[in-house]
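Data block for data38.txt (compact mmCIF, C-alpha atoms):
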```
# COMPACT_ATOMS: atom_id res chain seq x y z
CA ALA A 1 -17.10 69.18 -88.20
CA THR A 2 -13.41 70.04 -87.78
CA ASP A 3 -12.36 66.38 -87.97
CA THR A 4 -14.54 65.74 -91.03
CA PHE A 5 -13.04 68.76 -92.76
CA ARG A 6 -9.42 67.89 -92.03
CA ASP A 7 -9.42 64.09 -92.11
CA LEU A 8 -11.91 63.44 -94.91
CA ILE A 9 -12.49 66.51 -97.10
CA LEU A 10 -8.83 67.55 -97.14
CA ASP A 11 -6.74 64.43 -96.40
CA THR A 12 -8.79 61.53 -97.77
CA TRP A 13 -10.94 63.02 -100.53
CA GLN A 14 -8.35 65.72 -101.34
CA PHE A 15 -10.65 68.49 -102.51
CA ARG A 16 -8.80 71.59 -103.73
CA HIS A 17 -11.70 74.05 -103.62
CA VAL A 18 -14.01 74.14 -100.59
CA ARG A 19 -16.79 76.45 -99.43
CA LEU A 20 -17.06 77.34 -95.74
CA ALA A 21 -19.61 79.47 -93.92
CA ALA A 22 -19.11 82.02 -91.16
CA HIS A 23 -22.48 81.41 -89.52
CA TRP A 24 -23.48 84.55 -87.67
CA ASP A 25 -24.68 82.73 -84.53
CA SER A 26 -21.36 80.86 -84.30
CA VAL A 27 -18.97 83.77 -84.73
CA GLU A 28 -20.98 86.35 -82.71
CA PRO A 29 -22.82 84.42 -79.99
CA LYS A 30 -22.98 87.61 -77.88
CA ARG A 31 -23.39 91.06 -79.35
CA ALA A 32 -20.01 92.54 -80.35
CA GLU A 33 -18.21 89.51 -78.83
CA TYR A 34 -16.69 87.39 -81.60
CA ASP A 35 -15.49 83.81 -81.43
CA PHE A 36 -13.47 82.75 -84.46
CA THR A 37 -11.88 79.71 -82.80
CA GLU A 38 -13.50 77.03 -84.97
CA LEU A 39 -13.29 78.96 -88.22
CA ASP A 40 -9.65 79.84 -87.55
CA LYS A 41 -8.87 76.12 -87.33
CA LEU A 42 -10.65 75.35 -90.60
CA MET A 43 -8.90 78.17 -92.42
CA ALA A 44 -5.53 77.07 -91.02
CA PHE A 45 -6.11 73.47 -92.16
CA ALA A 46 -7.02 74.76 -95.61
CA ALA A 47 -3.82 76.80 -95.79
CA GLU A 48 -1.74 73.79 -94.76
CA HIS A 49 -3.28 71.74 -97.58
CA ARG A 50 -3.11 74.61 -100.11
CA VAL A 51 -6.87 74.50 -100.50
CA LYS A 52 -8.73 77.55 -101.77
CA ILE A 53 -11.74 78.67 -99.72
CA VAL A 54 -14.94 80.45 -100.64
CA LEU A 55 -16.06 81.95 -97.33
CA ALA A 56 -19.78 82.74 -97.03
CA VAL A 57 -21.00 85.60 -94.84
CA GLY A 58 -24.38 87.18 -94.27
CA GLN A 59 -27.64 86.50 -92.46
CA LYS A 60 -28.30 83.60 -94.87
CA THR A 61 -25.46 81.12 -95.21
CA PRO A 62 -25.35 77.48 -96.35
CA ARG A 63 -27.12 74.79 -94.28
CA TRP A 64 -30.59 74.61 -92.78
CA PRO A 65 -32.27 76.68 -91.33
CA GLU A 66 -30.47 78.89 -93.88
CA CYS A 67 -30.48 81.99 -91.68
CA HIS A 68 -28.24 81.43 -88.66
CA LEU A 69 -29.18 84.36 -86.48
CA PRO A 70 -27.85 84.87 -82.94
CA ALA A 71 -30.59 84.74 -80.33
CA TRP A 72 -29.80 88.30 -79.21
CA THR A 73 -30.88 89.71 -82.59
CA LYS A 74 -34.52 88.98 -81.72
CA GLU A 75 -34.53 91.98 -79.39
CA LEU A 76 -33.31 94.46 -82.03
CA SER A 77 -35.34 96.93 -84.02
CA PRO A 78 -35.15 96.58 -87.83
CA GLU A 79 -32.55 99.35 -88.09
CA GLN A 80 -30.50 97.95 -85.21
CA PHE A 81 -30.63 94.54 -86.88
CA LYS A 82 -29.27 95.90 -90.17
CA THR A 83 -26.45 97.69 -88.35
CA ALA A 84 -25.59 94.56 -86.38
CA ARG A 85 -25.59 92.46 -89.57
CA LEU A 86 -23.16 94.81 -91.31
CA ASN A 87 -20.95 94.90 -88.22
CA TYR A 88 -20.76 91.10 -88.21
CA VAL A 89 -20.01 90.92 -91.95
CA SER A 90 -17.30 93.55 -91.56
CA ALA A 91 -15.74 91.74 -88.60
CA VAL A 92 -15.49 88.49 -90.57
CA VAL A 93 -13.94 90.20 -93.60
CA LYS A 94 -11.38 92.03 -91.43
CA ARG A 95 -10.50 88.73 -89.74
CA TYR A 96 -9.85 86.66 -92.85
CA LYS A 97 -8.97 89.05 -95.68
CA ASN A 98 -5.26 88.30 -95.28
CA TYR A 99 -5.56 84.53 -94.83
CA SER A 100 -3.69 82.71 -97.60
CA ALA A 101 -6.45 80.12 -98.05
CA LEU A 102 -9.10 82.71 -98.90
CA GLU A 103 -9.99 82.74 -102.59
CA MET A 104 -13.21 84.76 -102.58
CA TRP A 105 -16.14 85.88 -100.47
CA GLN A 106 -19.68 84.68 -100.86
CA VAL A 107 -22.13 87.37 -99.74
CA GLU A 108 -25.41 85.78 -98.63
CA ASN A 109 -26.71 82.44 -99.91
CA GLU A 110 -29.56 82.57 -102.44
CA PRO A 111 -30.50 85.90 -100.80
CA PHE A 112 -33.89 86.39 -102.43
CA LEU A 113 -35.10 82.78 -102.47
CA PRO A 114 -37.96 82.35 -99.95
CA PHE A 115 -36.48 79.20 -98.42
CA GLY A 116 -35.53 78.72 -94.79
CA GLU A 117 -36.35 80.54 -91.57
CA CYS A 118 -35.28 84.06 -92.50
CA PRO A 119 -36.19 87.71 -92.00
CA SER A 120 -36.85 89.91 -95.02
CA PHE A 121 -33.94 90.88 -97.24
CA THR A 122 -33.90 93.47 -100.03
CA GLU A 123 -31.69 94.43 -102.94
CA ALA A 124 -30.63 97.47 -100.92
CA ASP A 125 -29.53 95.15 -98.10
CA LEU A 126 -27.44 93.11 -100.53
CA LYS A 127 -25.84 96.23 -102.00
CA ALA A 128 -24.99 97.44 -98.49
CA GLU A 129 -23.26 94.15 -97.65
CA LEU A 130 -21.37 94.06 -100.96
CA SER A 131 -20.20 97.62 -100.35
CA ALA A 132 -19.10 96.79 -96.81
CA VAL A 133 -17.01 93.86 -98.04
CA LYS A 134 -15.43 95.87 -100.86
CA GLN A 135 -14.53 98.75 -98.54
CA ILE A 136 -12.51 96.40 -96.33
CA ASP A 137 -11.15 94.01 -98.97
CA ASN A 138 -10.92 95.17 -102.57
CA ILE A 139 -8.58 92.32 -103.50
CA HIS A 140 -10.66 89.17 -103.22
CA PRO A 141 -13.63 88.77 -105.59
CA ILE A 142 -17.22 88.31 -104.45
CA LEU A 143 -19.56 85.46 -105.32
CA VAL A 144 -23.36 85.85 -105.24
CA THR A 145 -25.59 82.78 -105.56
CA ASP A 146 -29.13 81.82 -106.50
CA SER A 147 -31.40 78.83 -107.03
CA GLY A 148 -30.82 77.02 -110.30
CA GLU A 149 -34.40 75.90 -110.76
CA LEU A 150 -36.54 78.40 -108.83
CA SER A 151 -35.15 81.79 -109.87
CA THR A 152 -34.61 83.87 -112.99
CA TRP A 153 -31.29 85.18 -111.55
CA ARG A 154 -32.34 88.71 -112.51
CA ARG A 155 -31.30 90.26 -109.19
CA THR A 156 -28.25 88.12 -108.47
CA ALA A 157 -26.37 87.06 -111.60
CA ASN A 158 -24.42 90.29 -111.99
CA ALA A 159 -24.38 91.49 -108.40
CA GLY A 160 -20.92 90.07 -107.71
CA ASP A 161 -17.71 89.29 -109.56
CA PHE A 162 -18.76 85.64 -109.86
CA PHE A 163 -22.14 83.95 -109.87
CA GLY A 164 -23.05 80.58 -108.34
CA THR A 165 -26.10 78.46 -109.11
CA THR A 166 -27.44 75.52 -107.17
CA MET A 167 -28.21 72.33 -109.10
CA TYR A 168 -30.63 69.92 -107.43
CA ARG A 169 -31.90 67.06 -109.58
CA THR A 170 -34.36 65.23 -107.28
CA VAL A 171 -36.12 67.09 -104.48
CA TRP A 172 -39.02 66.46 -102.14
CA ASN A 173 -42.08 68.73 -101.98
CA LYS A 174 -44.78 68.43 -99.32
CA TYR A 175 -47.50 68.80 -101.96
CA LEU A 176 -46.00 66.84 -104.87
CA GLY A 177 -43.70 64.34 -103.17
CA TYR A 178 -40.46 63.64 -105.04
CA VAL A 179 -39.88 65.94 -108.01
CA ASN A 180 -37.28 65.08 -110.64
CA TYR A 181 -35.59 67.65 -112.88
CA ASP A 182 -34.20 65.23 -115.45
CA TRP A 183 -36.43 66.90 -118.03
CA LEU A 184 -34.27 70.04 -117.91
CA PRO A 185 -31.61 69.95 -120.66
CA ALA A 186 -28.04 70.87 -119.75
CA ALA A 187 -28.37 73.94 -121.98
CA PHE A 188 -31.03 75.33 -119.60
CA TYR A 189 -28.46 76.84 -117.22
CA ARG A 190 -26.29 78.27 -119.98
CA PHE A 191 -29.37 79.83 -121.58
CA LYS A 192 -30.27 81.49 -118.30
CA LEU A 193 -26.73 82.87 -118.07
CA TRP A 194 -27.03 84.21 -121.61
CA VAL A 195 -30.31 85.94 -120.74
CA VAL A 196 -28.69 87.78 -117.81
CA ASN A 197 -25.48 88.50 -119.75
CA ARG A 198 -23.21 86.39 -117.54
CA SER A 199 -20.52 84.16 -119.07
CA PRO A 200 -20.16 80.46 -118.14
CA GLU A 201 -16.50 81.14 -117.37
CA SER A 202 -17.48 83.40 -114.47
CA ALA A 203 -20.16 81.08 -113.09
CA PHE A 204 -20.01 78.06 -110.79
CA VAL A 205 -22.30 75.27 -109.75
CA VAL A 206 -22.02 76.23 -106.11
CA GLU A 207 -24.18 73.34 -104.82
CA LEU A 208 -24.41 70.20 -106.92
CA GLN A 209 -26.75 67.74 -105.22
CA ALA A 210 -24.68 64.93 -103.71
CA GLU A 211 -26.93 64.02 -100.79
CA PRO A 212 -30.62 63.02 -100.47
CA TRP A 213 -33.50 65.45 -100.21
CA ILE A 214 -35.90 63.73 -97.84
CA PRO A 215 -39.27 64.61 -96.24
CA ASP A 216 -38.19 65.35 -92.67
CA GLN A 217 -34.59 66.47 -93.29
CA THR A 218 -33.29 64.03 -90.63
CA ILE A 219 -30.79 61.70 -92.25
CA THR A 220 -29.94 59.69 -89.14
CA THR A 221 -33.52 58.47 -88.63
CA THR A 222 -34.53 58.03 -92.28
CA PRO A 223 -34.19 54.49 -93.72
CA LEU A 224 -31.58 54.19 -96.45
CA ALA A 225 -34.25 52.95 -98.86
CA GLU A 226 -36.06 56.27 -98.49
CA GLN A 227 -32.85 58.26 -98.90
CA ASN A 228 -32.07 56.36 -102.09
CA LYS A 229 -35.27 57.67 -103.68
CA SER A 230 -33.57 61.02 -104.21
CA LEU A 231 -29.91 60.05 -104.21
CA ASP A 232 -27.85 56.87 -104.48
CA LEU A 233 -24.54 56.13 -106.22
CA ASN A 234 -26.15 55.84 -109.65
CA ARG A 235 -28.01 59.13 -109.23
CA LEU A 236 -24.86 60.84 -107.95
CA GLN A 237 -22.96 59.75 -111.05
CA LYS A 238 -25.76 61.08 -113.24
CA ASN A 239 -25.74 64.41 -111.40
CA ILE A 240 -22.00 64.81 -111.88
CA ASP A 241 -22.20 63.84 -115.55
CA TYR A 242 -24.98 66.39 -116.00
CA ALA A 243 -22.89 69.14 -114.38
CA TYR A 244 -20.03 68.36 -116.76
CA ARG A 245 -22.41 68.77 -119.69
CA VAL A 246 -23.70 72.08 -118.34
CA GLY A 247 -20.09 73.22 -118.59
CA LEU A 248 -19.65 75.94 -115.97
CA SER A 249 -16.14 76.69 -114.78
CA ARG A 250 -16.38 74.81 -111.47
CA SER A 251 -18.79 72.59 -109.51
CA TYR A 252 -18.95 72.23 -105.74
CA LEU A 253 -20.54 69.04 -104.41
CA TRP A 254 -23.01 69.37 -101.52
CA GLY A 255 -23.11 66.36 -99.22
CA ALA A 256 -19.78 65.74 -97.46
CA GLU A 257 -21.33 65.14 -94.04
CA TRP A 258 -23.70 62.57 -95.55
CA TRP A 259 -20.85 60.70 -97.25
CA ALA A 260 -19.04 60.62 -93.91
CA TRP A 261 -22.15 59.39 -92.09
CA LEU A 262 -22.68 56.63 -94.65
CA ALA A 263 -19.08 55.46 -94.40
CA LYS A 264 -19.22 55.49 -90.61
CA ASN A 265 -22.24 53.19 -90.83
CA GLY A 266 -20.57 50.73 -93.18
CA HIS A 267 -21.77 52.08 -96.54
CA THR A 268 -18.56 53.20 -98.24
CA GLU A 269 -19.52 53.11 -101.93
CA ILE A 270 -20.30 56.85 -102.12
CA ALA A 271 -17.12 57.88 -100.27
CA ASP A 272 -15.03 55.53 -102.41
CA TYR A 273 -16.48 57.07 -105.57
CA ILE A 274 -15.92 60.61 -104.27
CA GLN A 275 -12.30 59.83 -103.47
CA LYS A 276 -11.60 58.86 -107.10
CA LEU A 277 -13.12 61.98 -108.65
CA PRO A 278 -10.77 64.58 -110.19
CA LYS A 279 -10.65 67.57 -107.83
CA GLY A 280 -9.09 70.28 -110.01
CA GLU A 281 -6.10 72.43 -109.23
```

I need this file expressed as structure tokens, please.
Amino acid sequence: ATDTFRDLILDTWQFRHVRLAAHWDSVEPKRAEYDFTELDKLMAFAAEHRVKIVLAVGQKTPRWPECHLPAWTKELSPEQFKTARLNYVSAVVKRYKNYSALEMWQVENEPFLPFGECPSFTEADLKAELSAVKQIDNIHPILVTDSGELSTWRRTANAGDFFGTTMYRTVWNKYLGYVNYDWLPAAFYRFKLWVVNRSPESAFVVELQAEPWIPDQTITTTPLAEQNKSLDLNRLQKNIDYAYRVGLSRSYLWGAEWWAWLAKNGHTEIADYIQKLPKGE
């Protein structure tokens, strides 16, 4: 992951805005014993390249299984778990609040979406985490995210300083098979923002689909023909064009590890296209 971040995302593809996650099980493998070695390297590389980082913290952070809980948390009571979660969030914020690459915090990832292997999470829990972050760092803004297609955004759109929506255009469902969202007009997302009184200028596409959504979630064993049913170069171009038409202030592509895997296996068309995209300032 470190090599992909430095050599491809930063050096080759030259992204200027990147989202990283402080997975709880990675930074606190033993209770109250923190290991920031890997994340320190990523943040240092970002600083060297003058890249701005959104750093996600919380029990639910990007990448399956969504909630990255240390094994030791299984032995905790509900109240002990909440205390441990806030301690971990606080430790991460204290560690990185003065890093030059940090642009903003992301607190939780689609916190109320029932997706992934996660314990329960309430609005009170979110407020407690937001408060903990603000008490330690009142300089950097906070981003809160939600599903673009499966949520009304009622509980999330105005919880933070910025709001991030996911944008998946072709997904796989165990009951329906592949589901396509091409029928949704670009105005759909802006209308939802209007309903919750959030401006497009303070909203991002925090995950724009740039990798396949496949039945078993295992890219390395899924034939390319199956992967192409939900994403190929043509579909990627359509997704990016659609995001431009939606018109939020920024869009983050989700799929860098897949582009790297494709290129490593001799399929470079996606990576070549990504390299030519404008990356912002």

For Val195 of chain A: contacts at 9 Å, only C-alpha atoms, fewer than 4 positions along chain excluded, given as a PyMOL selection string: chain A and resi 154+190-191

Between A:Leu113, A:Val144, A:Ala1, A:Ala46, which has the minimum distance to Tyr99 of chain A (counting all atoms listed in the file)? A:Ala46

Go through segment 4-70 of chain A residue by residue and, counting all atoms listed in the file, keep those with an atom at most 12 Å from segment 120-138 of chain A; for each kept residue give the shortest atom pair and its distance in Å to one decimal, ordered by chain and increasing number, as a Markdown table.
```
| residue | atom | partner | partner_atom | distance |
| --- | --- | --- | --- | --- |
| A:Leu55 | CA | A:Val133 | CA | 12.0 |
| A:Ala56 | CA | A:Val133 | CA | 11.5 |
| A:Val57 | CA | A:Glu129 | CA | 9.3 |
| A:Gly58 | CA | A:Glu129 | CA | 7.8 |
| A:Gln59 | CA | A:Phe121 | CA | 9.0 |
| A:Lys60 | CA | A:Phe121 | CA | 9.5 |
| A:Cys67 | CA | A:Ser120 | CA | 10.7 |
```

Would you please work out which residue, of A:Pro111, A:Gly116, A:Pro141, A:Gly148, is nearest to Trp64 of chain A when using only C-alpha atoms? A:Gly116

Find the residues around Asp232 of chain A up to 8 Å (all atoms listed in the file counted), leave out those fewer than 4 positions away in its own chain, and share them as a PyMOL selection string. chain A and resi 212+227-228+236+270

Those same residues - C-alpha atoms - I'd like them written as a PDB file, in the coordinates of the input.
```
ATOM      1  CA  PRO A 212     -30.620  63.020-100.470  1.00  0.00           C
ATOM      2  CA  GLN A 227     -32.850  58.260 -98.900  1.00  0.00           C
ATOM      3  CA  ASN A 228     -32.070  56.360-102.090  1.00  0.00           C
ATOM      4  CA  LEU A 236     -24.860  60.840-107.950  1.00  0.00           C
ATOM      5  CA  ILE A 270     -20.300  56.850-102.120  1.00  0.00           C
TER       6      ILE A 270
END
```

Point out the residue among A:Val179, A:Ala256, A:Met104, A:Val54 with the least atom-to-atom distance to Thr4 of chain A, counting all atoms listed in the file.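 Using all atoms listed in the file, Thr4 of chain A sits closest to A:Ala256.
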
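The spacing separating atom CA of Gln237 of chain A from atom CA of Arg16 of chain A amounts to 19.9 Å.
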
Using only C-alpha atoms, which residue out of A:Ala186, A:Phe5, A:Thr170, A:Thr221 lies closest to Asp241 of chain A? A:Ala186

Would you tabulate, counting all atoms listed in the file, all residues of segment 45-113 of chain A that have an atom at most 8 Å from an atom of segment 26-34 of chain A, showing the closest pair of atoms and their distance in Å to one decimal, sorted by chain then ascending number, as a tab-separated table?
```
residue	atom	partner	partner_atom	distance
A:Pro70	CA	A:Pro29	CA	5.8
A:Ala71	CA	A:Pro29	CA	7.8
A:Trp72	CA	A:Arg31	CA	7.0
A:Tyr88	CA	A:Glu28	CA	7.3
```

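Residues in contact with Arg198 of chain A at up to 10 Å, not including ones fewer than 6 positions away on its chain and judged by all atoms listed in the file, are Ala157, Asn158, Phe162, Phe163, Arg190, Phe191 and Lys192 of chain A.
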
Can you pull out the residues contacting segment 36-39 of chain A? Cut-off 9 Å, using only C-alpha atoms, and skip same-chain residues under 5 positions away; I want them as a list in words. Thr2, Leu20, Ala21, Ala22, Ser26, Val27, Glu28, Ala44, Val92 and Arg95 of chain A

Have a look at atom CA of Ala243 of chain A and atom CA of Tyr175 of chain A and let me know their distance in Å, one decimal.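 Separation of atom CA of Ala243 of chain A and atom CA of Tyr175 of chain A: 27.6 Å.
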
Pick from A:Arg63, A:Arg250, A:Arg50, A:Lys229: nearest to Trp172 of chain A, with all atoms listed in the file counted?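 When distances to Trp172 of chain A are compared using all atoms listed in the file, the smallest one comes from A:Lys229.
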
With all atoms listed in the file as the basis for distance, which of A:Ile142, A:Val206, A:Cys118, A:Ile240 is at the shortest distance from His68 of chain A?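 The answer is A:Cys118, which sits nearest to His68 of chain A.
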
Would you mind listing what lies within 12 Å of Ile214 of chain A as a list in words, with all atoms listed in the file counted and same-chain residues fewer than 3 positions away left out?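 Non-adjacent residues within range: Thr170, Val171, Trp172, Asn173, Lys174, Gly177, Tyr178, Val179, Glu211, Gln217, Thr218, Ile219, Thr220, Thr221, Thr222, Pro223, Leu224, Ala225, Glu226, Gln227, Asn228, Lys229, Ser230 and Leu231 of chain A.
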